[in-house]
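entry-v3.cif follows (mmCIF, C-alpha atoms):
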data_final
loop_
_atom_site.label_atom_id
_atom_site.label_comp_id
_atom_site.auth_asym_id
_atom_site.auth_seq_id
_atom_site.Cartn_x
_atom_site.Cartn_y
_atom_site.Cartn_z
CA MET A 2 163.08 82.11 120.14
CA PRO A 3 163.85 79.54 122.89
CA ALA A 4 163.76 76.83 120.20
CA LEU A 5 166.38 78.69 118.18
CA LEU A 6 168.55 78.95 121.30
CA ARG A 7 168.16 75.26 122.07
CA GLN A 8 169.03 74.31 118.50
CA GLY A 9 172.13 76.52 118.58
CA VAL A 10 170.92 78.61 115.65
CA ILE A 11 171.33 81.78 117.73
CA THR A 12 173.15 82.62 120.97
CA GLU A 13 172.02 84.55 124.04
CA THR A 14 174.25 87.39 122.84
CA ASP A 15 172.31 87.44 119.56
CA VAL A 16 169.06 87.78 121.51
CA VAL A 17 170.44 90.59 123.68
CA ARG A 18 171.76 92.46 120.64
CA CYS A 19 168.37 92.12 118.95
CA ILE A 20 166.54 93.47 122.01
CA CYS A 21 169.00 96.37 122.32
CA THR A 22 168.50 97.22 118.66
CA GLN A 23 164.71 97.00 119.01
CA TYR A 24 164.67 99.42 121.96
CA GLN A 25 167.54 101.58 120.67
CA LEU A 26 169.71 100.77 123.71
CA PRO A 27 173.48 100.49 123.63
CA PHE A 28 174.96 97.01 123.80
CA ILE A 29 178.10 96.86 125.90
CA ARG A 30 180.14 93.95 127.13
CA PRO A 31 181.12 94.40 130.79
CA THR A 32 184.22 92.31 130.09
CA HIS A 33 185.55 95.16 127.92
CA TYR A 34 185.86 97.41 130.99
CA GLN A 35 188.39 97.54 133.78
CA ILE A 36 185.99 97.61 136.74
CA ASP A 37 186.82 100.52 139.00
CA THR A 38 186.82 99.09 142.53
CA ALA A 39 186.64 102.59 144.03
CA LEU A 40 183.37 103.04 142.15
CA LEU A 41 182.08 99.71 143.48
CA ASP A 42 182.99 100.76 147.04
CA LEU A 43 180.50 103.64 146.81
CA PHE A 44 177.60 101.17 146.82
CA ASP A 45 176.18 98.56 149.14
CA GLY A 46 176.56 95.15 147.52
CA ALA A 47 172.99 94.18 148.42
CA PHE A 48 171.69 97.28 146.61
CA LEU A 49 173.68 96.44 143.47
CA TYR A 50 172.54 92.82 143.55
CA ARG A 51 168.87 93.66 144.21
CA GLU A 52 168.73 96.31 141.49
CA ARG A 53 170.93 94.33 139.07
CA ILE A 54 173.36 97.19 138.58
CA ALA A 55 177.08 96.94 137.87
CA PRO A 56 179.02 100.21 137.97
CA LEU A 57 181.93 99.66 135.60
CA GLU A 58 184.05 102.71 134.99
CA ILE A 59 184.31 106.50 135.13
CA ILE A 60 185.47 108.09 131.89
CA GLY A 61 185.76 111.86 132.27
CA ASN A 62 182.33 113.08 133.39
CA ALA A 63 180.59 109.88 132.26
CA VAL A 64 179.96 106.84 134.42
CA ILE A 65 179.49 103.53 132.61
CA ILE A 66 176.93 101.38 134.42
CA ALA A 67 175.56 98.04 133.22
CA LEU A 68 171.86 97.61 133.95
CA ALA A 69 169.66 94.56 133.67
CA ASP A 70 166.55 96.75 133.53
CA ILE A 71 165.64 100.41 133.35
CA PRO A 72 165.83 101.66 136.96
CA ASN A 73 162.94 103.42 138.63
CA GLU A 74 163.36 107.05 139.71
CA ALA A 75 164.36 106.19 143.30
CA VAL A 76 167.12 103.83 142.15
CA GLU A 77 168.34 106.36 139.59
CA GLN A 78 168.48 109.05 142.28
CA GLU A 79 170.36 106.71 144.65
CA VAL A 80 172.97 105.99 141.97
CA CYS A 81 173.37 109.69 141.13
CA THR A 82 173.76 110.56 144.82
CA LYS A 83 176.36 107.83 145.41
CA ILE A 84 178.52 108.78 142.43
CA GLY A 85 177.99 112.52 142.80
CA LYS A 86 176.99 113.00 139.17
CA ASP A 87 173.79 113.47 137.19
#
Please go through the file and, once you have read it, give me the structure as structure tokens.
Amino acid sequence: MPALLRQGVITETDVVRCICTQYQLPFIRPTHYQIDTALLDLFDGAFLYRERIAPLEIIGNAVIIALADIPNEAVEQEVCTKIGKD
């Protein structure tokens, strides 16, 4: 796949979409969200950076969070505690 990227046959977005499809994960573009700064303020920046988490928006009872990887149980619990939701 790196050769296809280098040659411009596919883009990084194509690769991400393919991986999301393979693992049946949603593909979202963080740029499509108005980042809620109040939501960001709930977290320590170092935690977000270390865990590669970007809380984006609260919509009703749902919280949209971009993740670079599936979080372990401790990280998931920390996020739930900070936002006050399951």
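In terms of minimum interatomic distance to Ile36 of chain A, A:Ile60 ranks closest within A:Pro3, A:Ile60, A:Arg18, A:Lys86, counting all atoms listed in the file.
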Who sits within 10 Å of Val64 of chain A, only C-alpha atoms, same chain under 4 positions skipped, as a PDB file with C-alpha atoms, keeping the file's coordinate frame:
ATOM      1  CA  LEU A  40     183.370 103.040 142.150  1.00  0.00           C
ATOM      2  CA  PRO A  56     179.020 100.210 137.970  1.00  0.00           C
ATOM      3  CA  LEU A  57     181.930  99.660 135.600  1.00  0.00           C
ATOM      4  CA  GLU A  58     184.050 102.710 134.990  1.00  0.00           C
ATOM      5  CA  ILE A  59     184.310 106.500 135.130  1.00  0.00           C
ATOM      6  CA  ILE A  60     185.470 108.090 131.890  1.00  0.00           C
ATOM      7  CA  CYS A  81     173.370 109.690 141.130  1.00  0.00           C
ATOM      8  CA  ILE A  84     178.520 108.780 142.430  1.00  0.00           C
ATOM      9  CA  LYS A  86     176.990 113.000 139.170  1.00  0.00           C
ATOM     10  CA  ASP A  87     173.790 113.470 137.190  1.00  0.00           C
TER      11      ASP A  87
END
What does the PyMOL selection byres ((chain A and resi 52) around 9) select in this file, as a PDB file with C-alpha atoms, in the frame of the given file?
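Wrote it out as expr.pdb, contents follow:
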ATOM      1  CA  ALA A  47     172.990  94.180 148.420  1.00  0.00           C
ATOM      2  CA  PHE A  48     171.690  97.280 146.610  1.00  0.00           C
ATOM      3  CA  LEU A  49     173.680  96.440 143.470  1.00  0.00           C
ATOM      4  CA  TYR A  50     172.540  92.820 143.550  1.00  0.00           C
ATOM      5  CA  ARG A  51     168.870  93.660 144.210  1.00  0.00           C
ATOM      6  CA  ARG A  53     170.930  94.330 139.070  1.00  0.00           C
ATOM      7  CA  ILE A  54     173.360  97.190 138.580  1.00  0.00           C
ATOM      8  CA  LEU A  68     171.860  97.610 133.950  1.00  0.00           C
ATOM      9  CA  ALA A  69     169.660  94.560 133.670  1.00  0.00           C
ATOM     10  CA  ASP A  70     166.550  96.750 133.530  1.00  0.00           C
ATOM     11  CA  PRO A  72     165.830 101.660 136.960  1.00  0.00           C
ATOM     12  CA  VAL A  76     167.120 103.830 142.150  1.00  0.00           C
TER      13      VAL A  76
END
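The spacing separating atom CA of Phe44 of chain A from atom CA of Gly61 of chain A amounts to 19.8 Å.
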Note to self: I'd like the interatomic distance between atom CA of Arg7 of chain A and atom CA of Tyr24 of chain A, to a tenth of an Å.
What the structure shows: 24.4 Å
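Going from atom CA of Leu43 of chain A to atom CA of Lys83 of chain A covers 6.1 Å.
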Margin query: Restricting the calculation to all atoms listed in the file: of A:Thr14, A:Cys19, A:Gly9, A:Leu26, which residue gets closest to Ile71 of chain A?
Written below: A:Leu26
Hey, can I get the axis-aligned box for segment 68-74 of chain A? All listed atoms, 6 Å padding on each side, centre and edge lengths in Å to one decimal, as JSON.
{"center_x": 167.4, "center_y": 100.8, "center_z": 136.5, "size_x": 20.9, "size_y": 24.5, "size_z": 18.4}
Next item on the list: May I ask which of the residues A:Thr12, A:Asp37, A:Phe28, A:Ala4 is the closest one to Ala67 of chain A, counting only C-alpha atoms?
Entry: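 Nearest to Ala67 of chain A: A:Phe28.
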Notebook entry, point to check: Pick the closest to Val80 of chain A from A:Thr38, A:Arg30, A:Ala55, A:Asn62: which is it, counting all atoms listed in the file?
Noted result: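 That would be A:Ala55, the residue with the smallest distance to Val80 of chain A.
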Checklist line | Close residues, Asp15 of chain A itself excluded, 12 Å, only C-alpha atoms, min 4 positions apart in chain, as a PyMOL selection string | finding: chain A and resi 2+5-6+9-11+19-22+28
Starting from the sparse input, extend segment 43-59 of chain A to N, CA, C and O atoms and give the output as a tab-separated table (two decimals), in the frame of the given file.
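Final file, part.tsv:
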chain	number	residue	atom	x	y	z
A	43	LEU	N	181.49	102.60	146.50
A	43	LEU	CA	180.50	103.64	146.81
A	43	LEU	C	179.13	103.04	147.12
A	43	LEU	O	178.27	103.71	147.71
A	44	PHE	N	178.92	101.79	146.72
A	44	PHE	CA	177.60	101.17	146.82
A	44	PHE	C	177.59	100.00	147.79
A	44	PHE	O	178.58	99.31	147.97
A	45	ASP	N	176.43	99.76	148.35
A	45	ASP	CA	176.18	98.56	149.14
A	45	ASP	C	175.97	97.40	148.18
A	45	ASP	O	175.20	97.51	147.22
A	46	GLY	N	176.66	96.31	148.41
A	46	GLY	CA	176.56	95.15	147.52
A	46	GLY	C	175.15	94.63	147.38
A	46	GLY	O	174.74	94.21	146.30
A	47	ALA	N	174.38	94.66	148.47
A	47	ALA	CA	172.99	94.18	148.42
A	47	ALA	C	172.15	95.05	147.48
A	47	ALA	O	171.30	94.54	146.76
A	48	PHE	N	172.41	96.35	147.49
A	48	PHE	CA	171.69	97.28	146.61
A	48	PHE	C	172.00	96.93	145.14
A	48	PHE	O	171.10	96.83	144.32
A	49	LEU	N	173.28	96.76	144.84
A	49	LEU	CA	173.68	96.44	143.47
A	49	LEU	C	173.06	95.13	143.01
A	49	LEU	O	172.57	95.02	141.89
A	50	TYR	N	173.09	94.14	143.89
A	50	TYR	CA	172.54	92.82	143.55
A	50	TYR	C	171.02	92.90	143.34
A	50	TYR	O	170.50	92.41	142.35
A	51	ARG	N	170.34	93.55	144.27
A	51	ARG	CA	168.87	93.66	144.21
A	51	ARG	C	168.42	94.41	142.96
A	51	ARG	O	167.47	94.01	142.29
A	52	GLU	N	169.14	95.47	142.63
A	52	GLU	CA	168.73	96.31	141.49
A	52	GLU	C	169.38	95.88	140.18
A	52	GLU	O	169.12	96.46	139.15
A	53	ARG	N	170.24	94.87	140.25
A	53	ARG	CA	170.93	94.33	139.07
A	53	ARG	C	171.69	95.42	138.32
A	53	ARG	O	171.51	95.63	137.12
A	54	ILE	N	172.55	96.09	139.09
A	54	ILE	CA	173.36	97.19	138.58
A	54	ILE	C	174.82	96.84	138.76
A	54	ILE	O	175.22	96.33	139.80
A	55	ALA	N	175.63	97.15	137.76
A	55	ALA	CA	177.08	96.94	137.87
A	55	ALA	C	177.79	98.21	137.41
A	55	ALA	O	177.91	98.46	136.21
A	56	PRO	N	178.24	99.04	138.36
A	56	PRO	CA	179.02	100.21	137.97
A	56	PRO	C	180.38	99.75	137.44
A	56	PRO	O	181.06	98.97	138.09
A	57	LEU	N	180.74	100.19	136.24
A	57	LEU	CA	181.93	99.66	135.60
A	57	LEU	C	183.13	100.60	135.62
A	57	LEU	O	184.22	100.22	136.00
A	58	GLU	N	182.90	101.85	135.20
A	58	GLU	CA	184.05	102.71	134.99
A	58	GLU	C	183.62	104.17	134.90
A	58	GLU	O	182.53	104.47	134.45
A	59	ILE	N	184.51	105.06	135.32
A	59	ILE	CA	184.31	106.50	135.13
A	59	ILE	C	185.25	106.93	134.01
A	59	ILE	O	186.45	106.67	134.08
